[in-house]
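Structure file run03.cif with mmCIF, C-alpha atoms:
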data_start
loop_
_atom_site.label_atom_id
_atom_site.label_comp_id
_atom_site.auth_asym_id
_atom_site.auth_seq_id
_atom_site.Cartn_x
_atom_site.Cartn_y
_atom_site.Cartn_z
CA MET A 1 69.09 72.41 104.25
CA SER A 2 65.27 72.44 104.25
CA THR A 3 63.05 74.88 102.39
CA THR A 4 60.39 76.77 104.36
CA LEU A 5 57.06 76.82 102.54
CA VAL A 6 54.22 79.27 102.91
CA LYS A 7 50.56 78.45 102.24
CA GLY A 8 50.02 77.57 98.57
CA GLN A 9 53.74 77.27 97.78
CA ASN A 10 55.13 74.11 96.21
CA GLY A 11 58.46 72.42 95.67
CA SER A 12 59.90 69.51 93.70
CA LEU A 13 60.64 66.10 95.20
CA ALA A 14 63.70 64.27 93.91
CA ALA A 15 63.76 61.45 96.48
CA ALA A 16 62.09 58.15 95.63
CA GLU A 17 60.77 57.87 99.18
CA VAL A 18 59.73 60.65 101.56
CA VAL A 19 58.54 60.80 105.15
CA VAL A 20 55.80 63.22 106.23
CA SER A 21 55.70 64.08 109.94
CA VAL A 22 54.02 66.77 112.02
CA ARG A 23 54.71 68.61 115.26
CA VAL A 24 51.54 69.44 117.21
CA ALA A 25 51.21 70.87 120.73
CA ALA A 26 48.42 68.41 121.62
CA ALA A 27 47.41 64.79 121.13
CA ALA A 28 46.82 64.28 117.41
CA GLU A 29 46.91 61.70 114.64
CA LEU A 30 48.18 61.77 111.09
CA SER A 31 46.37 60.08 108.21
CA ALA A 32 46.48 60.12 104.41
CA LEU A 33 43.90 60.25 101.63
CA LEU A 34 45.03 58.93 98.24
CA VAL A 35 42.83 60.55 95.61
CA THR A 36 42.41 60.66 91.86
CA ASP A 37 42.03 63.69 89.59
CA GLY A 38 38.41 63.88 90.74
CA GLY A 39 39.46 64.42 94.35
CA LYS A 40 38.03 61.07 95.50
CA VAL A 41 39.51 57.80 96.73
CA ARG A 42 39.06 54.79 94.46
CA SER A 43 37.95 52.69 97.45
CA ASP A 44 38.27 52.68 101.22
CA ALA A 45 41.70 51.05 100.77
CA ASP A 46 43.01 54.48 99.69
CA PHE A 47 42.51 55.87 103.21
CA VAL A 48 45.53 55.26 105.49
CA PHE A 49 44.91 55.82 109.20
CA TYR A 50 45.32 54.20 112.63
CA ASN A 51 42.94 51.30 111.92
CA GLN A 52 44.28 50.76 108.38
CA PRO A 53 47.97 51.70 108.60
CA SER A 54 49.00 50.84 105.06
CA GLY A 55 47.77 51.53 101.55
CA PRO A 56 49.18 51.45 98.02
CA GLY A 57 52.64 53.02 98.37
CA VAL A 58 51.86 54.67 101.72
CA ARG A 59 52.19 53.38 105.29
CA LEU A 60 52.07 54.71 108.82
CA ARG A 61 54.95 54.08 111.19
CA ASN A 62 55.49 55.14 114.78
CA GLY A 63 57.04 58.56 115.02
CA VAL A 64 59.16 60.27 117.64
CA ALA A 65 57.83 59.84 121.20
CA GLY A 66 55.19 62.45 121.96
CA HIS A 67 54.40 63.08 118.29
CA PRO A 68 51.90 61.48 115.87
CA ALA A 69 52.90 58.60 113.63
CA GLU A 70 54.70 59.39 110.38
CA LEU A 71 53.62 58.75 106.81
CA VAL A 72 56.20 56.91 104.71
CA VAL A 73 55.48 57.36 101.00
CA SER A 74 57.24 55.25 98.36
CA LEU A 75 56.44 57.44 95.38
CA GLY A 76 57.33 54.80 92.77
CA GLN A 77 54.78 52.38 94.26
CA VAL A 78 51.82 54.77 94.19
CA PRO A 79 49.33 53.63 91.50
CA ALA A 80 49.16 55.75 88.37
CA GLU A 81 45.50 56.69 88.99
CA ILE A 82 46.46 58.35 92.28
CA THR A 83 47.47 61.93 91.58
CA GLN A 84 47.43 63.42 95.09
CA ILE A 85 48.30 62.18 98.59
CA ARG A 86 46.78 64.48 101.23
CA ALA A 87 48.28 64.38 104.72
CA VAL A 88 45.63 65.14 107.37
CA ILE A 89 46.15 66.12 111.03
CA THR A 90 43.28 65.31 113.40
CA LEU A 91 43.25 66.56 117.00
CA ASP A 92 42.11 64.17 119.71
CA GLU A 93 39.89 65.10 122.65
CA GLY A 94 37.76 67.52 120.61
CA GLY A 95 40.31 70.37 120.77
CA THR A 96 40.75 73.15 118.21
CA PHE A 97 43.88 74.44 116.51
CA GLY A 98 43.04 78.03 117.43
CA ARG A 99 43.95 77.26 121.05
CA LEU A 100 47.37 75.81 120.16
CA ALA A 101 50.66 76.95 118.71
CA PRO A 102 50.59 76.52 114.91
CA PRO A 103 51.38 72.90 113.91
CA VAL A 104 54.36 72.23 111.65
CA ALA A 105 54.46 69.71 108.79
CA VAL A 106 57.84 68.33 107.69
CA VAL A 107 58.69 66.41 104.52
CA ALA A 108 62.02 64.58 104.85
CA ASP A 109 64.09 62.02 102.99
CA PRO A 110 64.49 58.44 104.33
CA GLY A 111 67.61 59.49 106.25
CA GLY A 112 65.63 62.05 108.27
CA ASN A 113 66.98 65.09 106.46
CA ALA A 114 64.23 67.71 106.26
CA LEU A 115 63.45 68.78 102.70
CA PHE A 116 60.52 71.09 103.36
CA GLU A 117 58.88 72.60 106.45
CA TYR A 118 55.52 74.33 106.65
CA LYS A 119 54.12 76.14 109.71
CA ILE A 120 50.32 76.02 109.43
CA GLU A 121 48.99 79.36 110.66
CA ASP A 122 45.59 81.12 110.65
CA LEU A 123 43.68 78.16 112.09
CA HIS A 124 40.83 78.90 114.50
CA SER A 125 37.91 76.61 115.40
CA GLU A 126 39.01 73.67 113.23
CA SER A 127 40.04 70.35 114.75
CA ILE A 128 41.20 68.90 111.40
CA VAL A 129 43.54 70.32 108.78
CA ILE A 130 44.86 69.09 105.44
CA ALA A 131 48.51 69.93 106.10
CA VAL A 132 50.37 69.17 102.85
CA GLU A 133 49.76 67.21 99.72
CA LEU A 134 52.14 65.29 97.48
CA TYR A 135 51.01 65.49 93.87
CA ARG A 136 52.03 64.48 90.35
CA ARG A 137 52.87 67.10 87.78
CA TYR A 138 53.99 65.97 84.28
CA GLY A 139 55.25 62.66 85.64
CA ASN A 140 57.17 64.17 88.57
CA TRP A 141 56.22 64.44 92.24
CA LYS A 142 55.91 67.75 94.07
CA VAL A 143 54.80 68.93 97.51
CA ARG A 144 52.33 71.75 98.18
CA ALA A 145 51.64 73.57 101.47
CA VAL A 146 47.84 73.37 101.85
CA GLY A 147 46.86 74.33 105.41
CA GLN A 148 43.14 73.92 104.78
CA GLY A 149 41.22 73.72 108.04
CA TYR A 150 38.14 71.55 107.98
CA ALA A 151 35.28 72.52 110.33
CA GLY A 152 32.93 69.72 109.29
CA GLY A 153 34.58 67.02 111.39
CA PHE A 154 36.72 63.96 110.70
CA ALA A 155 33.88 61.88 109.30
CA ALA A 156 32.74 64.71 107.04
CA LEU A 157 36.27 65.19 105.69
CA VAL A 158 36.77 61.59 104.62
CA THR A 159 33.18 61.26 103.38
CA ASP A 160 33.77 64.25 101.10
CA HIS A 161 36.72 62.33 99.68
CA GLY A 162 34.59 59.25 98.95
CA VAL A 163 35.37 57.11 102.01
CA THR A 164 32.43 55.02 103.24
CA VAL A 165 31.35 55.78 106.80
CA GLU A 166 28.87 53.41 108.41
CA GLU A 167 26.81 54.35 111.44
CA ALA A 168 27.13 52.06 114.44
CA PRO A 169 24.60 51.61 117.26
CA ARG A 170 24.91 54.36 119.86
CA PRO A 171 26.80 53.07 122.91
CA ALA A 172 26.02 54.11 126.47
CA ARG A 173 27.89 57.21 127.46
CA ALA A 174 29.38 57.84 130.89
CA PRO A 175 28.90 61.05 132.86
CA ALA A 176 31.28 63.68 131.54
CA ALA A 177 33.02 66.29 133.68
CA PRO A 178 32.81 69.93 132.59
CA PRO A 179 35.73 70.86 130.30
CA PRO A 180 38.46 73.27 131.47
CA PRO A 181 37.73 76.97 130.87
CA PRO A 182 38.41 77.97 127.24
CA ALA A 183 41.09 80.44 126.26
CA PRO A 184 39.88 84.01 126.88
CA THR A 185 39.99 84.94 123.20
CA ALA A 186 37.99 81.94 122.05
CA TYR A 187 34.63 83.13 123.27
CA PRO A 188 32.86 86.48 123.20
CA PRO A 189 33.02 88.44 126.48
CA PRO A 190 29.92 88.87 128.69
CA VAL A 191 27.23 90.97 127.09
CA GLU A 192 26.52 94.41 128.47
CA PRO A 193 22.80 95.30 128.66
CA THR A 194 21.42 97.33 125.78
CA PRO A 195 19.30 100.25 127.02
CA VAL A 196 15.64 100.04 126.04
CA THR A 197 14.31 103.30 124.65
CA PRO A 198 10.56 103.65 123.98
CA SER A 199 11.15 105.96 121.02
CA SER A 200 12.83 103.35 118.81
CA PRO A 201 12.52 99.55 118.63
CA TYR A 202 16.22 99.21 117.69
CA PRO A 203 19.35 100.31 119.53
CA ALA A 204 21.31 102.96 117.63
CA GLN A 205 24.66 101.38 118.55
CA PRO A 206 25.75 98.33 120.52
CA PRO A 207 27.16 98.84 124.01
CA PRO A 208 30.83 100.05 123.98
CA ASN A 209 32.33 96.65 124.76
CA SER A 210 29.67 94.40 123.24
CA PRO A 211 30.89 91.66 120.84
CA TYR A 212 27.75 92.00 118.77
CA PRO A 213 27.34 94.25 115.73
CA PRO A 214 24.46 96.74 115.49
CA GLN A 215 21.28 94.84 114.77
CA GLN A 216 19.48 95.39 111.52
CA PRO A 217 15.70 95.53 111.53
CA PRO A 218 14.67 91.86 111.30
CA ALA A 219 12.38 90.48 108.71
CA PRO A 220 8.73 90.58 109.75
CA ALA A 221 7.89 87.67 111.98
CA GLN A 222 5.95 84.86 110.40
CA SER A 223 2.41 84.59 111.56
CA ALA A 224 2.30 82.08 114.39
CA PRO A 225 -0.07 79.13 114.39
CA PRO A 226 -2.98 79.28 116.78
CA PRO A 227 -1.91 78.43 120.32
CA ALA A 228 -2.48 74.84 121.33
CA ARG A 229 -3.53 74.80 124.97
CA GLY A 230 -1.83 71.78 126.47
CA GLU A 231 -2.41 71.36 130.20
CA LEU A 232 0.85 71.05 132.09
CA SER A 233 0.55 68.00 134.28
CA ARG A 234 3.10 66.28 136.50
CA GLY A 235 2.03 62.85 135.34
CA ARG A 236 1.35 63.61 131.67
CA PRO A 237 4.04 65.78 130.05
CA VAL A 238 2.91 67.60 126.91
CA ASN A 239 4.73 66.39 123.80
CA LEU A 240 5.09 69.56 121.78
CA SER A 241 5.18 69.84 118.01
CA LYS A 242 6.90 72.59 116.08
CA GLY A 243 5.13 75.92 116.63
CA GLN A 244 2.93 74.61 119.43
CA ARG A 245 2.45 76.79 122.49
CA VAL A 246 1.51 76.07 126.08
CA THR A 247 0.77 78.41 128.96
CA LEU A 248 3.14 78.12 131.91
CA ARG A 249 0.47 77.23 134.44
CA LYS A 250 0.24 74.05 136.44
CA GLU A 251 -2.95 72.14 137.08
CA GLY A 252 -5.33 74.32 139.04
CA GLY A 253 -4.25 77.46 137.19
CA VAL A 254 -1.22 78.20 139.39
CA ALA A 255 1.46 80.10 137.48
CA LEU A 256 4.92 78.55 137.37
CA THR A 257 7.63 80.61 139.02
CA ARG A 258 10.84 78.58 138.70
CA ILE A 259 11.44 76.55 135.54
CA ARG A 260 14.35 74.59 134.16
CA MET A 261 14.97 74.09 130.48
CA GLY A 262 16.94 70.91 129.87
CA LEU A 263 18.55 70.46 126.45
CA GLY A 264 20.08 67.24 125.20
CA TRP A 265 21.61 65.65 122.14
CA ASP A 266 23.77 62.71 121.13
CA PRO A 267 26.60 62.77 118.59
CA VAL A 268 26.14 60.32 115.74
CA LYS A 269 28.57 57.48 116.40
CA GLN A 270 30.57 56.28 113.44
CA GLY A 271 31.37 52.65 112.67
CA GLY A 272 32.86 51.07 109.60
CA LEU A 273 36.47 52.13 109.12
CA PHE A 274 36.52 54.33 112.18
CA GLY A 275 36.32 51.58 114.78
CA ARG A 276 37.36 53.28 117.99
CA ARG A 277 36.73 56.90 117.01
CA ALA A 278 33.54 58.82 117.76
CA VAL A 279 32.78 62.20 116.30
CA ASP A 280 33.44 64.84 118.97
CA ILE A 281 30.78 67.53 118.82
CA ASP A 282 30.92 70.61 121.05
CA LEU A 283 27.39 71.96 121.34
CA ASP A 284 26.44 74.84 123.63
CA ALA A 285 23.00 75.72 124.97
CA TRP A 286 22.33 79.31 125.98
CA VAL A 287 19.52 81.84 126.36
CA ALA A 288 19.14 85.37 124.99
CA MET A 289 16.97 87.87 126.88
CA PHE A 290 15.04 90.43 124.84
CA ALA A 291 12.95 93.47 125.70
CA ASP A 292 10.84 93.65 122.54
CA ARG A 293 13.62 93.56 119.91
CA HIS A 294 16.38 94.86 122.18
CA LEU A 295 19.00 92.40 123.37
CA VAL A 296 19.28 92.85 127.14
CA ASP A 297 21.58 90.01 128.23
CA VAL A 298 22.86 86.53 127.38
CA ALA A 299 23.42 83.59 129.75
CA TYR A 300 25.93 81.25 128.13
CA TYR A 301 29.22 79.38 128.71
CA GLY A 302 31.11 82.67 129.17
CA GLN A 303 28.58 84.13 131.62
CA LEU A 304 26.69 81.44 133.49
CA ILE A 305 24.45 83.83 135.46
CA SER A 306 22.51 86.69 133.89
CA LYS A 307 23.33 90.11 135.33
CA ASP A 308 19.93 90.32 137.05
CA GLY A 309 20.36 86.85 138.56
CA SER A 310 17.14 85.47 137.08
CA ILE A 311 18.84 82.93 134.78
CA ARG A 312 21.50 80.42 135.73
CA HIS A 313 23.32 78.19 133.27
CA SER A 314 24.53 74.94 134.81
CA GLY A 315 27.65 74.78 132.62
CA ASP A 316 28.87 72.70 129.69
CA ASN A 317 28.50 68.95 129.24
CA LEU A 318 26.22 68.00 132.11
CA THR A 319 25.47 64.49 130.86
CA GLY A 320 23.49 61.71 132.54
CA GLY A 321 24.89 58.18 132.61
CA GLY A 322 23.90 55.59 130.05
CA GLY A 323 22.91 58.19 127.47
CA VAL A 324 20.06 59.48 129.63
CA GLY A 325 19.88 63.01 131.03
CA ASP A 326 20.24 66.60 129.94
CA ASP A 327 23.52 67.71 128.43
CA GLU A 328 22.99 71.27 129.61
CA GLN A 329 20.39 72.92 131.82
CA ILE A 330 19.23 76.50 132.20
CA GLN A 331 17.26 77.54 135.29
CA VAL A 332 14.93 80.52 135.12
CA ASP A 333 13.30 82.33 138.06
CA LEU A 334 10.38 83.96 136.25
CA THR A 335 9.66 86.18 139.27
CA ARG A 336 13.09 87.84 138.91
CA VAL A 337 13.04 88.43 135.15
CA PRO A 338 12.95 92.24 134.70
CA HIS A 339 9.51 93.51 133.71
CA GLN A 340 10.78 94.94 130.42
CA VAL A 341 12.14 91.53 129.31
CA ASN A 342 9.38 89.75 127.44
CA THR A 343 11.19 87.00 125.45
CA LEU A 344 13.71 84.35 126.40
CA LEU A 345 15.16 82.48 123.42
CA PHE A 346 16.78 79.09 124.05
CA ILE A 347 19.49 78.43 121.46
CA VAL A 348 21.96 75.62 120.77
CA THR A 349 25.10 76.39 118.73
CA SER A 350 27.89 74.15 117.45
CA TYR A 351 31.18 75.76 118.43
CA GLN A 352 33.39 73.72 116.08
CA GLY A 353 31.04 74.06 113.13
CA HIS A 354 29.54 70.56 113.08
CA THR A 355 26.05 70.58 111.63
CA PHE A 356 22.98 69.06 113.26
CA GLU A 357 23.07 66.36 110.58
CA GLN A 358 25.75 64.85 112.84
CA VAL A 359 23.51 65.01 115.93
CA SER A 360 20.72 62.68 116.97
CA ASN A 361 18.07 62.68 119.69
CA ALA A 362 18.08 66.46 120.12
CA TYR A 363 15.37 67.69 122.47
CA CYS A 364 14.41 70.35 124.97
CA ARG A 365 12.22 69.77 127.99
CA LEU A 366 10.52 72.03 130.49
CA VAL A 367 10.75 71.07 134.16
CA ASP A 368 9.00 72.60 137.16
CA ASP A 369 12.10 73.43 139.18
CA THR A 370 10.10 73.41 142.42
CA THR A 371 8.68 69.90 142.12
CA GLN A 372 11.23 68.51 139.56
CA ALA A 373 8.30 67.31 137.44
CA GLU A 374 8.74 67.28 133.66
CA LEU A 375 5.89 69.28 132.15
CA ALA A 376 6.64 69.50 128.42
CA ARG A 377 9.10 68.06 125.91
CA TYR A 378 9.98 68.94 122.33
CA ALA A 379 11.99 66.46 120.25
CA LEU A 380 13.80 67.70 117.16
CA ALA A 381 13.07 65.22 114.37
CA GLY A 382 15.73 64.72 111.69
CA GLY A 383 19.11 66.36 111.17
CA MET A 384 19.54 69.77 109.57
CA PRO A 385 22.46 71.28 107.62
CA PHE A 386 22.83 74.10 110.16
CA THR A 387 25.26 74.90 112.97
CA ALA A 388 22.65 76.56 115.22
CA ILE A 389 19.10 75.78 116.32
CA ALA A 390 16.52 78.02 117.97
CA MET A 391 14.93 75.32 120.11
CA ALA A 392 12.21 77.17 122.03
CA LYS A 393 11.17 80.48 123.51
CA VAL A 394 9.44 81.55 126.70
CA PHE A 395 7.54 84.82 126.24
CA ARG A 396 5.01 87.06 127.94
CA ALA A 397 1.51 87.26 126.46
CA GLY A 398 -1.60 88.67 128.09
CA GLY A 399 0.09 89.03 131.46
CA GLU A 400 1.34 85.43 131.64
CA TRP A 401 4.32 83.40 130.45
CA ARG A 402 4.02 80.93 127.58
CA LEU A 403 6.33 78.39 125.96
CA GLU A 404 6.61 77.86 122.19
CA ALA A 405 8.55 75.08 120.43
CA ILE A 406 10.56 76.50 117.51
CA GLY A 407 13.13 74.05 116.09
CA GLU A 408 14.44 76.40 113.36
CA GLY A 409 18.02 76.10 112.08
CA PHE A 410 20.45 78.80 110.97
CA GLN A 411 24.21 79.29 110.62
CA ALA A 412 26.16 80.43 113.68
CA LYS A 413 28.82 78.84 115.87
CA HIS A 414 28.58 81.03 118.98
CA PRO A 415 26.42 83.83 120.45
CA GLY A 416 28.39 86.58 118.70
CA GLU A 417 27.38 85.17 115.31
CA ALA A 418 23.87 84.18 116.35
CA VAL A 419 22.44 87.25 118.09
CA PRO A 420 22.14 89.45 114.96
CA GLN A 421 19.97 86.70 113.40
CA LEU A 422 17.52 86.20 116.27
CA GLY A 423 15.07 88.97 115.37
CA ARG A 424 12.99 86.62 113.23
CA PHE A 425 12.12 84.54 116.30
CA ILE A 426 10.79 87.53 118.24
CA THR A 427 7.08 88.32 118.17
CA VAL A 428 6.21 91.75 119.55
CA SER A 429 2.59 92.10 120.61
#
If you convert what's in this file into structure tokens, what do you get?
Amino acid sequence: MSTTLVKGQNGSLAAAEVVVSVRVAAAAELSALLVTDGGKVRSDADFVFYNQPSGPGVRLRNGVAGHPAELVVSLGQVPAEITQIRAVITLDEGGTFGRLAPPVAVVADPGGNALFEYKIEDLHSESIVIAVELYRRYGNWKVRAVGQGYAGGFAALVTDHGVTVEEAPRPARAPAAPPPPPAPTAYPPPVEPTPVTPSSPYPAQPPPNSPYPPQQPPAPAQSAPPPARGELSRGRPVNLSKGQRVTLRKEGGVALTRIRMGLGWDPVKQGGLFGRRAVDIDLDAWVAMFADRHLVDVAYYGQLISKDGSIRHSGDNLTGGGGVGDDEQIQVDLTRVPHQVNTLLFIVTSYQGHTFEQVSNAYCRLVDDTTQAELARYALAGGMPFTAIAMAKVFRAGGEWRLEAIGEGFQAKHPGEAVPQLGRFITVS
């Protein structure tokens, strides 16, 4: 009869060989990290996974049809320096555990008799979890229920344990279809407009069904650099630098009316041990509409059209073939933006918690949606240890619209976490 473990609980192992298996309601893989007292592998040979199915005392074997492979651990053959064997579940297809039934880890004897079972609950946006670990204690082996979700990604997990990850050249990527709609509870609901009251620059309370907490007065905005007047030309797009501003007028002084902000990025592809696996990164571009410091509306993956109809989000994962093309696009009809709205902030957030250190070639570009001519482009140089980026803003100044490149990072995985932090990017004239 098996023992049911809860998170943090342990039990003794009497068998000389055990089999670790998992039940997951999605495509997944099981791997193992063999670590020393310092929590690191001795070398890459101490990482057992699909491309390296055996290690010292541990091997992968095919499991029951429809389930990941199993880890067979011969405890007497594990080197003395190895004090812990961590069993890791990795979801395929970029999914998250929060959208699935809790996975179950089972430790059994060689005859298939379950010794311990552990249902891994309280997982949310993670796609990787350390399920259980086998560990030495005073010369004997024990099992512990860990259930530690890891938001940093597969490569980040093994790198933290000392496994070498080499970057491979970025292959061409094929056009990707939009993903199926997420579970209703995974994303914040559409944002209700916050009334703008002249007497106070801050709303007293959020709307009744808003997912956002009351905003605190933001820190004073940093003084902006002097505007750099780049002329927007069909044939000569302006390459913006951080903090640079341009006026949204075409050659001849004609004001732009319909613009499209295209945002793009590439996940860093991993080579070395990982062979066939790329890091799946779920980034989302969206725009927040402000009247002075009041949030009015948000156009994002959960609400693709702003309530006034002036902003339209083209949806997730709109990717050009061969690595070329915007990943997501946001169209803005400047003539329909309500007169009280004076700032549009273009944000990119990482839903699964990957940082922008794992992203390359991030950029935003401004396109004249009438002529399809690219007018300005801002490339984000270097990765940052953040899960959100304020890429650019379009704002009213002196009766006309202007664009400013921002490129500032902060920590947030979706609009609900980001909006309370956006006040520092707002400049009220």
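You will find CA of Ala27 (chain A) at 7.7 Å from CA of Pro68 (chain A).
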Taking into account all atoms listed in the file, which residue in the set A:Val254, A:Ile85, A:Met1, A:Val367 is nearest to Leu33 (chain A)?
->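 Nearest to Leu33 (chain A): A:Ile85.
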Residues at most 9 Å from Gly264 (chain A), counting all atoms listed in the file, excluding those fewer than 5 positions away in the same chain, as an MDAnalysis selection string?
-> chainID A and resid 285 319 324:329 361:365
For this file, the PyMOL selection byres ((chain A and resi 305) around 12) selects which residues, as a list of chain:residue names?
->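 Residues picked by the PyMOL selection byres ((chain A and resi 305) around 12): A:Pro190, A:Val191, A:Trp286, A:Val287, A:Ala288, A:Asp297, A:Val298, A:Ala299, A:Tyr300, A:Tyr301, A:Gly302, A:Gln303, A:Leu304, A:Ser306, A:Lys307, A:Asp308, A:Gly309, A:Ser310, A:Ile311, A:Arg312, A:His313, A:Ser314, A:Gly315, A:Ile330, A:Gln331, A:Val332, A:Asp333.
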Generate the output file for the selected residues, C-alpha atoms, as a PDB file, in the coordinates of the input.
ATOM      1  CA  PRO A 190      29.920  88.870 128.690  1.00  0.00           C
ATOM      2  CA  VAL A 191      27.230  90.970 127.090  1.00  0.00           C
ATOM      3  CA  TRP A 286      22.330  79.310 125.980  1.00  0.00           C
ATOM      4  CA  VAL A 287      19.520  81.840 126.360  1.00  0.00           C
ATOM      5  CA  ALA A 288      19.140  85.370 124.990  1.00  0.00           C
ATOM      6  CA  ASP A 297      21.580  90.010 128.230  1.00  0.00           C
ATOM      7  CA  VAL A 298      22.860  86.530 127.380  1.00  0.00           C
ATOM      8  CA  ALA A 299      23.420  83.590 129.750  1.00  0.00           C
ATOM      9  CA  TYR A 300      25.930  81.250 128.130  1.00  0.00           C
ATOM     10  CA  TYR A 301      29.220  79.380 128.710  1.00  0.00           C
ATOM     11  CA  GLY A 302      31.110  82.670 129.170  1.00  0.00           C
ATOM     12  CA  GLN A 303      28.580  84.130 131.620  1.00  0.00           C
ATOM     13  CA  LEU A 304      26.690  81.440 133.490  1.00  0.00           C
ATOM     14  CA  SER A 306      22.510  86.690 133.890  1.00  0.00           C
ATOM     15  CA  LYS A 307      23.330  90.110 135.330  1.00  0.00           C
ATOM     16  CA  ASP A 308      19.930  90.320 137.050  1.00  0.00           C
ATOM     17  CA  GLY A 309      20.360  86.850 138.560  1.00  0.00           C
ATOM     18  CA  SER A 310      17.140  85.470 137.080  1.00  0.00           C
ATOM     19  CA  ILE A 311      18.840  82.930 134.780  1.00  0.00           C
ATOM     20  CA  ARG A 312      21.500  80.420 135.730  1.00  0.00           C
ATOM     21  CA  HIS A 313      23.320  78.190 133.270  1.00  0.00           C
ATOM     22  CA  SER A 314      24.530  74.940 134.810  1.00  0.00           C
ATOM     23  CA  GLY A 315      27.650  74.780 132.620  1.00  0.00           C
ATOM     24  CA  ILE A 330      19.230  76.500 132.200  1.00  0.00           C
ATOM     25  CA  GLN A 331      17.260  77.540 135.290  1.00  0.00           C
ATOM     26  CA  VAL A 332      14.930  80.520 135.120  1.00  0.00           C
ATOM     27  CA  ASP A 333      13.300  82.330 138.060  1.00  0.00           C
TER      28      ASP A 333
END
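Within the file as shown, the PyMOL selection byres ((chain A and resi 239) around 8) identifies Pro237, Val238, Leu240, Ser241, Ala376, Arg377 and Tyr378 of chain A.
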Write a file of the just-selected residues containing C-alpha atoms, as a PDB file, in the frame of the given file.
ATOM      1  CA  PRO A 237       4.040  65.780 130.050  1.00  0.00           C
ATOM      2  CA  VAL A 238       2.910  67.600 126.910  1.00  0.00           C
ATOM      3  CA  LEU A 240       5.090  69.560 121.780  1.00  0.00           C
ATOM      4  CA  SER A 241       5.180  69.840 118.010  1.00  0.00           C
ATOM      5  CA  ALA A 376       6.640  69.500 128.420  1.00  0.00           C
ATOM      6  CA  ARG A 377       9.100  68.060 125.910  1.00  0.00           C
ATOM      7  CA  TYR A 378       9.980  68.940 122.330  1.00  0.00           C
TER       8      TYR A 378
END
Close residues, region 393-404 of chain A itself excluded, 8 Å, only C-alpha atoms, min 5 positions apart in chain, as a list of chain:residue names |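 Close residues of region 393-404 of chain A: A:Gly243, A:Gln244, A:Arg245, A:Val246, A:Thr247, A:Leu248, A:Ala255, A:Asn342, A:Thr343, A:Leu344, A:Leu345, A:Phe346, A:Ser429.
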Å distance separating CA of Ala131 (chain A) from CA of Glu417 (chain A), one decimal place =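 Distance between the two atoms: 27.6 Å.
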Atom pair CA of Asn140 (chain A) / CA of Asn113 (chain A): separation (Å) |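 Interatomic distance here is 20.4 Å.
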Which residues match the PyMOL selection byres ((chain A and resi 116) around 6) in the file above, as a VMD selection string?
-> chain A and resid 2 to 4 106 to 107 114 to 115 117
Selected residues written out, C-alpha atoms, as a PDB file, keeping the file's coordinate frame:
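Here's the written file out_34.pdb:
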ATOM      1  CA  SER A   2      65.270  72.440 104.250  1.00  0.00           C
ATOM      2  CA  THR A   3      63.050  74.880 102.390  1.00  0.00           C
ATOM      3  CA  THR A   4      60.390  76.770 104.360  1.00  0.00           C
ATOM      4  CA  VAL A 106      57.840  68.330 107.690  1.00  0.00           C
ATOM      5  CA  VAL A 107      58.690  66.410 104.520  1.00  0.00           C
ATOM      6  CA  ALA A 114      64.230  67.710 106.260  1.00  0.00           C
ATOM      7  CA  LEU A 115      63.450  68.780 102.700  1.00  0.00           C
ATOM      8  CA  GLU A 117      58.880  72.600 106.450  1.00  0.00           C
TER       9      GLU A 117
END
Pick the closest to Gln358 (chain A) from A:Leu13, A:Leu30, A:Ile82, A:Ile281: which is it, counting only C-alpha atoms?
->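 Counting only C-alpha atoms, the residue closest to Gln358 (chain A) is A:Ile281.
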From A:Ser360, A:Asp46, A:Asp122, A:Met261, residue lying nearest Leu100 (chain A) [only C-alpha atoms] |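 Nearest candidate to Leu100 (chain A) out of A:Ser360, A:Asp46, A:Asp122, A:Met261: A:Asp122.
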So which one's closest to Leu75 (chain A), A:Gly95, A:Gly111, A:Gly139, A:Pro103? Using all atoms listed in the file, please.
->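 Under the stated criterion, the closest residue is A:Gly139.
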Which residue of A:Thr257, A:Gln84, A:Asn62, A:Thr159 approaches Arg144 (chain A) most closely, using all atoms listed in the file |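 Closest to Arg144 (chain A), using all atoms listed in the file: A:Gln84.
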Quick one: everything within 8 Å of region 17-25 of chain A, counting all atoms listed in the file, minus sequence neighbours fewer than 3 positions away in the same chain. Send it as a PyMOL selection string.
-> chain A and resi 28+30+63+67-76+87+89+100-110+112
Draw an axis-aligned box over all listed atoms of region 103-108 of chain A, pad each side with 6 Å, and write its centre and edge lengths in Å, one decimal, as lines of an AutoDock Vina configuration file.
center_x = 56.7
center_y = 68.7
center_z = 109.2
size_x = 22.6
size_y = 20.3
size_z = 21.4
With only C-alpha atoms as the atoms that count, which of A:Gly262, A:Lys142, A:Val88, A:Ala388 lies nearest to Phe47 (chain A)?
->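 Among A:Gly262, A:Lys142, A:Val88, A:Ala388, it is A:Val88 that comes nearest to Phe47 (chain A).
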